[in-house]
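protein-v8.cif follows (mmCIF, C-alpha atoms):
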data_start
loop_
_atom_site.label_atom_id
_atom_site.label_comp_id
_atom_site.auth_asym_id
_atom_site.auth_seq_id
_atom_site.Cartn_x
_atom_site.Cartn_y
_atom_site.Cartn_z
CA MET V 325 -31.59 -26.56 42.22
CA ALA V 326 -33.52 -26.77 45.50
CA THR V 327 -34.36 -30.06 47.10
CA LYS V 328 -37.29 -30.71 49.37
CA ARG V 329 -34.93 -30.85 52.34
CA SER V 330 -33.17 -27.58 51.47
CA ALA V 331 -36.45 -25.78 50.81
CA ALA V 332 -37.85 -26.86 54.16
CA HIS V 333 -34.54 -26.10 55.84
CA ALA V 334 -34.41 -22.59 54.37
CA THR V 335 -37.80 -21.72 55.80
CA ALA V 336 -37.24 -23.14 59.27
CA ALA V 337 -38.10 -20.78 62.09
CA PRO V 338 -35.28 -18.59 63.39
CA GLY V 339 -33.47 -20.18 66.30
CA THR V 340 -34.36 -23.75 65.34
CA ALA V 341 -31.65 -26.23 64.52
CA ASP V 342 -31.54 -28.71 61.69
CA THR V 343 -29.92 -31.81 63.14
CA ALA V 344 -30.24 -33.94 60.00
CA GLY V 345 -27.24 -33.02 57.90
CA GLY V 346 -26.89 -29.39 58.94
CA PRO V 347 -23.62 -27.46 58.84
CA GLY V 348 -20.61 -29.13 60.37
CA THR V 349 -22.02 -32.66 60.54
CA ALA V 350 -19.40 -34.18 58.23
CA GLY V 351 -16.31 -32.68 59.82
CA GLY V 352 -17.22 -31.74 63.36
CA PRO V 353 -18.69 -28.50 64.61
CA PRO V 354 -19.76 -25.96 61.99
CA LEU V 355 -17.35 -23.28 60.90
CA LEU V 356 -18.36 -19.70 61.58
CA VAL V 357 -18.68 -19.03 57.85
CA GLU V 358 -21.20 -21.88 57.57
CA LEU V 359 -23.30 -20.52 60.41
CA VAL V 360 -23.23 -16.98 59.02
CA ALA V 361 -24.15 -18.22 55.52
CA LEU V 362 -27.04 -20.26 56.90
CA ALA V 363 -28.25 -17.32 59.02
CA HIS V 364 -28.00 -15.03 55.97
CA ARG V 365 -30.07 -17.39 53.85
CA ARG V 366 -32.76 -17.79 56.50
CA LEU V 367 -32.94 -14.07 57.23
CA THR V 368 -33.13 -13.03 53.58
CA SER V 369 -35.68 -15.76 52.86
CA GLY V 370 -37.94 -14.49 55.63
CA LEU V 371 -37.41 -10.86 54.67
CA GLY V 372 -38.01 -11.71 51.01
CA ALA V 373 -41.35 -13.27 51.90
CA ALA V 374 -42.34 -10.15 53.85
CA LEU V 375 -41.28 -7.77 51.06
CA ALA V 376 -43.07 -9.89 48.45
CA GLU V 377 -46.32 -8.55 49.98
CA GLU V 378 -45.37 -5.26 48.29
CA ASP V 379 -44.02 -6.98 45.14
CA CYS V 380 -40.42 -6.15 46.03
CA THR V 381 -37.22 -8.17 46.29
CA VAL V 382 -34.62 -7.87 49.05
CA ASP V 383 -32.07 -6.41 46.61
CA GLN V 384 -34.55 -3.82 45.30
CA TRP V 385 -35.28 -2.80 48.90
CA ARG V 386 -31.55 -2.56 49.64
CA VAL V 387 -31.00 -0.31 46.61
CA MET V 388 -33.92 1.91 47.62
CA ARG V 389 -32.52 2.23 51.15
CA ALA V 390 -29.11 3.17 49.77
CA LEU V 391 -30.73 5.93 47.70
CA ALA V 392 -32.92 7.23 50.52
CA ASP V 393 -30.48 9.94 51.65
CA GLY V 394 -31.51 12.08 48.67
CA GLU V 395 -27.92 12.68 47.54
CA GLY V 396 -27.93 10.27 44.62
CA ARG V 397 -25.30 7.60 44.17
CA ALA V 398 -23.12 6.63 41.22
CA MET V 399 -23.65 3.07 40.03
CA GLY V 400 -20.08 2.01 40.83
CA GLU V 401 -20.39 3.44 44.33
CA LEU V 402 -23.72 1.66 44.85
CA SER V 403 -22.28 -1.59 43.53
CA GLN V 404 -19.40 -1.48 46.00
CA ALA V 405 -21.54 -0.40 48.95
CA LEU V 406 -24.18 -3.10 48.39
CA LEU V 407 -21.82 -5.84 47.14
CA ILE V 408 -23.97 -6.29 44.03
CA PRO V 409 -22.24 -6.76 40.64
CA GLN V 410 -22.69 -3.70 38.40
CA ALA V 411 -24.62 -5.60 35.71
CA SER V 412 -27.10 -6.92 38.31
CA LEU V 413 -27.34 -3.49 39.90
CA SER V 414 -28.12 -1.90 36.54
CA ARG V 415 -31.00 -4.35 36.06
CA LEU V 416 -32.28 -3.59 39.57
CA VAL V 417 -32.15 0.18 39.00
CA ASP V 418 -33.76 -0.26 35.56
CA ALA V 419 -36.66 -2.16 37.18
CA LEU V 420 -37.03 0.51 39.87
CA ALA V 421 -36.95 3.25 37.21
CA ASP V 422 -39.52 1.41 35.07
CA ALA V 423 -41.81 1.28 38.12
CA GLY V 424 -41.31 5.01 38.77
CA LEU V 425 -39.52 4.36 42.07
CA ALA V 426 -36.10 5.66 41.03
CA TYR V 427 -34.53 7.72 38.28
CA ARG V 428 -31.08 8.43 36.84
CA ARG V 429 -29.61 11.89 36.43
CA GLN V 430 -26.42 13.37 35.07
CA ASP V 431 -24.20 14.59 37.90
CA ASP V 432 -24.12 18.39 38.28
CA ARG V 433 -20.35 18.52 38.83
CA ASP V 434 -19.18 15.78 36.45
CA ARG V 435 -21.32 15.40 33.32
CA ARG V 436 -19.80 11.97 32.60
CA ARG V 437 -21.13 10.58 35.87
CA ILE V 438 -24.71 9.29 36.13
CA THR V 439 -26.31 9.09 39.56
CA ALA V 440 -29.33 7.11 40.69
CA HIS V 441 -31.97 8.75 42.88
CA LEU V 442 -35.11 7.67 44.70
CA SER V 443 -38.31 9.30 43.41
CA ARG V 444 -41.14 10.62 45.61
CA GLN V 445 -43.12 7.50 44.78
CA GLY V 446 -40.05 5.46 45.73
CA ARG V 447 -39.84 7.20 49.11
CA ALA V 448 -43.48 6.40 49.83
CA ARG V 449 -42.98 2.79 48.84
CA LEU V 450 -39.78 2.54 50.87
CA SER V 451 -41.68 3.70 53.94
CA ARG V 452 -44.08 0.76 53.59
CA LEU V 453 -41.23 -1.65 52.85
CA ASP V 454 -39.25 -0.45 55.85
CA ALA V 455 -42.26 -1.12 58.09
CA LEU V 456 -42.41 -4.71 56.81
CA ALA V 457 -38.66 -5.11 57.27
CA ALA V 458 -38.82 -3.67 60.80
CA ALA V 459 -41.55 -6.15 61.76
CA HIS V 460 -39.44 -9.01 60.38
CA ASP V 461 -36.38 -7.66 62.21
CA SER V 462 -38.26 -7.47 65.52
CA ALA V 463 -39.45 -11.06 65.16
CA VAL V 464 -35.95 -12.31 64.38
CA ARG V 465 -34.42 -10.38 67.29
CA ALA V 466 -37.01 -11.82 69.67
CA ALA V 467 -36.39 -15.35 68.36
CA CYS V 468 -32.60 -14.99 68.82
CA GLY V 469 -32.85 -14.65 72.56
CA LEU V 470 -29.83 -12.32 72.62
CA PRO V 471 -29.97 -8.79 74.07
CA ASP V 472 -28.82 -7.35 70.73
CA PRO V 473 -27.76 -9.82 68.03
CA ALA V 474 -26.67 -6.89 65.84
CA VAL V 475 -23.59 -6.26 68.01
CA PRO V 476 -21.67 -9.48 67.19
CA LEU V 477 -22.94 -9.40 63.59
CA GLY V 478 -21.74 -5.82 63.22
CA ARG V 479 -18.32 -6.87 64.42
CA LEU V 480 -18.24 -9.71 61.89
CA ALA V 481 -19.36 -7.38 59.08
CA ALA V 482 -16.53 -4.97 59.92
CA LEU V 483 -13.82 -7.64 59.45
#

Target format structure tokens, applied to this file:
Amino acid sequence: MATKRSAAHATAAPGTADTAGGPGTAGGPPLLVELVALAHRRLTSGLGAALAEEDCTVDQWRVMRALADGEGRAMGELSQALLIPQASLSRLVDALADAGLAYRRQDDRDRRRITAHLSRQGRARLSRLDALAAAHDSAVRAACGLPDPAVPLGRLAAL
């Protein structure tokens, strides 16, 4: 359940601090996990708003990007790569398939394995979505004031 404070806090501009009850106020400075969680929520909220222009969610966009290589991916493999539970991933792929953006196919080598693929329509849509995501990314990078904020984040993600 969102409160007025949390809703306003979640949409604060990148690089701005919330000094009224933000992370770490009860027990000293914020822990790294708190800062990363807050950054994640703000980034995905902003990206979600940008992708909503094309009637797409962040997770749908992530699935489409994972399928963009044209090789097809098994659902278990996709679930692990995207850190999305298999049941949720199945619903996401179902929605993409219903919209004609993705399809499932039996694997050529192992008939028991079903792979998900991005359709031509999905590739065209992903191109538009990627442009929106790139614009959001550029704005966030500029607001960070760091030469490349992806470097420390990449190191954290690799832990």

Using all atoms listed in the file for the distances, tell me which of V:Val382, V:Val387, V:Ala398, V:Ala392 is nearest to Arg435 in chain V.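 Closest to Arg435 in chain V of all the choices is V:Ala398.
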
Which residues, named as in the file, does the PyMOL selection byres ((chain V and resi 383) around 9) pick out? Answer as a ChimeraX atom specification. /V:380-382,384-388,406,408,413,416

Figure out the distance between CA of Ser451 in chain V and CA of Gln410 in chain V, please, to one decimal in Å.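 Taking CA of Gln410 in chain V as the start and CA of Ser451 in chain V as the end point, the length is 25.6 Å.
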
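Shortest atom-to-atom contact with Ala376 in chain V among V:Val417, V:Ala411, V:Leu456, V:Ala448: V:Leu456, counting only C-alpha atoms.
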
I'd like the residues picked by the PyMOL selection byres ((chain V and resi 394) around 10) written out as a list of chain:residue names, using the chain letters and numbers from the file.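 With the shown file as input, the PyMOL selection byres ((chain V and resi 394) around 10) matches V:Ala390, V:Leu391, V:Ala392, V:Asp393, V:Glu395, V:Gly396, V:Arg397, V:Ala440, V:His441, V:Leu442, V:Ser443, V:Arg447.
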
Between V:Leu420, V:Ala405, V:Ala481, V:Ala459, single out the one closest to Gly370 in chain V, counting all atoms listed in the file.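 Result for the nearest residue to Gly370 in chain V: V:Ala459.
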
Spatial neighbours of Asp461 in chain V, 12 Å, all atoms listed in the file, chain gap at least 2 places, as number ranges by chain: V: 338, 367-368, 370-371, 374, 454-459, 463-468, 472-474

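If only C-alpha atoms are the atoms counted, then among V:Leu453, V:Ala363, V:Ala482, V:Ile438 the closest residue to Met399 in chain V is V:Ile438.
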
Could range 429-440 of chain V be completed with all heavy atoms and written as an mmCIF file, in the frame of the given file, please?
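The resulting part37.cif:
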data_model
loop_
_atom_site.group_PDB
_atom_site.id
_atom_site.type_symbol
_atom_site.label_atom_id
_atom_site.label_comp_id
_atom_site.auth_asym_id
_atom_site.auth_seq_id
_atom_site.Cartn_x
_atom_site.Cartn_y
_atom_site.Cartn_z
ATOM 1 N N ARG V 429 -29.841 10.492 36.804
ATOM 2 C CA ARG V 429 -29.610 11.890 36.430
ATOM 3 C C ARG V 429 -28.121 12.117 36.223
ATOM 4 O O ARG V 429 -27.288 11.520 36.912
ATOM 5 C CB ARG V 429 -30.135 12.790 37.550
ATOM 6 C CG ARG V 429 -30.082 14.255 37.223
ATOM 7 C CD ARG V 429 -30.798 15.081 38.244
ATOM 8 N NE ARG V 429 -29.951 15.231 39.419
ATOM 9 C CZ ARG V 429 -30.348 15.744 40.563
ATOM 10 N NH1 ARG V 429 -31.596 16.113 40.720
ATOM 11 N NH2 ARG V 429 -29.529 15.869 41.558
ATOM 12 N N GLN V 430 -27.806 13.002 35.296
ATOM 13 C CA GLN V 430 -26.420 13.370 35.070
ATOM 14 C C GLN V 430 -25.940 14.201 36.257
ATOM 15 O O GLN V 430 -26.651 15.095 36.740
ATOM 16 C CB GLN V 430 -26.324 14.180 33.782
ATOM 17 C CG GLN V 430 -24.970 14.253 33.184
ATOM 18 C CD GLN V 430 -25.025 14.899 31.802
ATOM 19 O OE1 GLN V 430 -25.824 15.786 31.555
ATOM 20 N NE2 GLN V 430 -24.158 14.447 30.911
ATOM 21 N N ASP V 431 -24.753 13.887 36.751
ATOM 22 C CA ASP V 431 -24.200 14.590 37.900
ATOM 23 C C ASP V 431 -23.965 16.061 37.563
ATOM 24 O O ASP V 431 -23.517 16.390 36.461
ATOM 25 C CB ASP V 431 -22.887 13.919 38.327
ATOM 26 C CG ASP V 431 -22.360 14.469 39.624
ATOM 27 O OD1 ASP V 431 -22.929 14.141 40.684
ATOM 28 O OD2 ASP V 431 -21.375 15.235 39.588
ATOM 29 N N ASP V 432 -24.278 16.945 38.504
ATOM 30 C CA ASP V 432 -24.120 18.390 38.280
ATOM 31 C C ASP V 432 -22.650 18.795 38.115
ATOM 32 O O ASP V 432 -22.330 19.676 37.329
ATOM 33 C CB ASP V 432 -24.731 19.179 39.438
ATOM 34 C CG ASP V 432 -26.231 19.019 39.518
ATOM 35 O OD1 ASP V 432 -26.862 18.722 38.475
ATOM 36 O OD2 ASP V 432 -26.789 19.181 40.630
ATOM 37 N N ARG V 433 -21.760 18.151 38.853
ATOM 38 C CA ARG V 433 -20.350 18.520 38.830
ATOM 39 C C ARG V 433 -19.558 17.808 37.728
ATOM 40 O O ARG V 433 -18.624 18.379 37.184
ATOM 41 C CB ARG V 433 -19.715 18.227 40.190
ATOM 42 C CG ARG V 433 -20.188 19.215 41.264
ATOM 43 C CD ARG V 433 -19.760 18.783 42.629
ATOM 44 N NE ARG V 433 -20.831 17.871 43.096
ATOM 45 C CZ ARG V 433 -20.677 16.873 43.909
ATOM 46 N NH1 ARG V 433 -19.507 16.595 44.392
ATOM 47 N NH2 ARG V 433 -21.694 16.129 44.268
ATOM 48 N N ASP V 434 -19.908 16.565 37.456
ATOM 49 C CA ASP V 434 -19.180 15.780 36.450
ATOM 50 C C ASP V 434 -20.197 15.194 35.474
ATOM 51 O O ASP V 434 -20.874 14.218 35.770
ATOM 52 C CB ASP V 434 -18.396 14.664 37.151
ATOM 53 C CG ASP V 434 -17.543 13.838 36.188
ATOM 54 O OD1 ASP V 434 -17.695 13.994 34.951
ATOM 55 O OD2 ASP V 434 -16.745 13.026 36.673
ATOM 56 N N ARG V 435 -20.308 15.787 34.314
ATOM 57 C CA ARG V 435 -21.320 15.400 33.320
ATOM 58 C C ARG V 435 -21.173 13.958 32.836
ATOM 59 O O ARG V 435 -22.099 13.392 32.293
ATOM 60 C CB ARG V 435 -21.251 16.347 32.111
ATOM 61 C CG ARG V 435 -21.579 17.779 32.459
ATOM 62 C CD ARG V 435 -23.022 17.957 32.279
ATOM 63 N NE ARG V 435 -23.425 19.319 32.611
ATOM 64 C CZ ARG V 435 -24.650 19.599 32.918
ATOM 65 N NH1 ARG V 435 -25.558 18.665 32.929
ATOM 66 N NH2 ARG V 435 -24.990 20.825 33.202
ATOM 67 N N ARG V 436 -20.001 13.361 33.027
ATOM 68 C CA ARG V 436 -19.800 11.970 32.600
ATOM 69 C C ARG V 436 -20.399 10.991 33.603
ATOM 70 O O ARG V 436 -20.619 9.835 33.289
ATOM 71 C CB ARG V 436 -18.300 11.671 32.468
ATOM 72 C CG ARG V 436 -17.609 12.499 31.400
ATOM 73 C CD ARG V 436 -16.126 12.381 31.527
ATOM 74 N NE ARG V 436 -15.733 12.947 32.826
ATOM 75 C CZ ARG V 436 -14.503 12.911 33.322
ATOM 76 N NH1 ARG V 436 -13.543 12.344 32.651
ATOM 77 N NH2 ARG V 436 -14.232 13.451 34.487
ATOM 78 N N ARG V 437 -20.649 11.453 34.790
ATOM 79 C CA ARG V 437 -21.130 10.580 35.870
ATOM 80 C C ARG V 437 -22.659 10.610 35.951
ATOM 81 O O ARG V 437 -23.267 11.677 35.967
ATOM 82 C CB ARG V 437 -20.515 11.073 37.178
ATOM 83 C CG ARG V 437 -20.835 10.257 38.365
ATOM 84 C CD ARG V 437 -20.072 10.811 39.551
ATOM 85 N NE ARG V 437 -20.975 10.946 40.668
ATOM 86 C CZ ARG V 437 -20.683 10.589 41.896
ATOM 87 N NH1 ARG V 437 -19.496 10.133 42.187
ATOM 88 N NH2 ARG V 437 -21.569 10.733 42.848
ATOM 89 N N ILE V 438 -23.252 9.424 36.009
ATOM 90 C CA ILE V 438 -24.710 9.290 36.130
ATOM 91 C C ILE V 438 -25.009 8.811 37.549
ATOM 92 O O ILE V 438 -24.386 7.862 38.038
ATOM 93 C CB ILE V 438 -25.273 8.277 35.103
ATOM 94 C CG1 ILE V 438 -24.881 8.676 33.675
ATOM 95 C CG2 ILE V 438 -26.778 8.127 35.255
ATOM 96 C CD1 ILE V 438 -25.438 10.013 33.228
ATOM 97 N N THR V 439 -25.936 9.485 38.198
ATOM 98 C CA THR V 439 -26.310 9.090 39.560
ATOM 99 C C THR V 439 -27.743 8.577 39.585
ATOM 100 O O THR V 439 -28.583 9.009 38.796
ATOM 101 C CB THR V 439 -26.153 10.270 40.544
ATOM 102 O OG1 THR V 439 -26.909 11.380 40.057
ATOM 103 C CG2 THR V 439 -24.698 10.667 40.700
ATOM 104 N N ALA V 440 -27.988 7.651 40.486
ATOM 105 C CA ALA V 440 -29.330 7.110 40.690
ATOM 106 C C ALA V 440 -29.946 7.796 41.906
ATOM 107 O O ALA V 440 -29.242 8.088 42.883
ATOM 108 C CB ALA V 440 -29.262 5.603 40.905
#
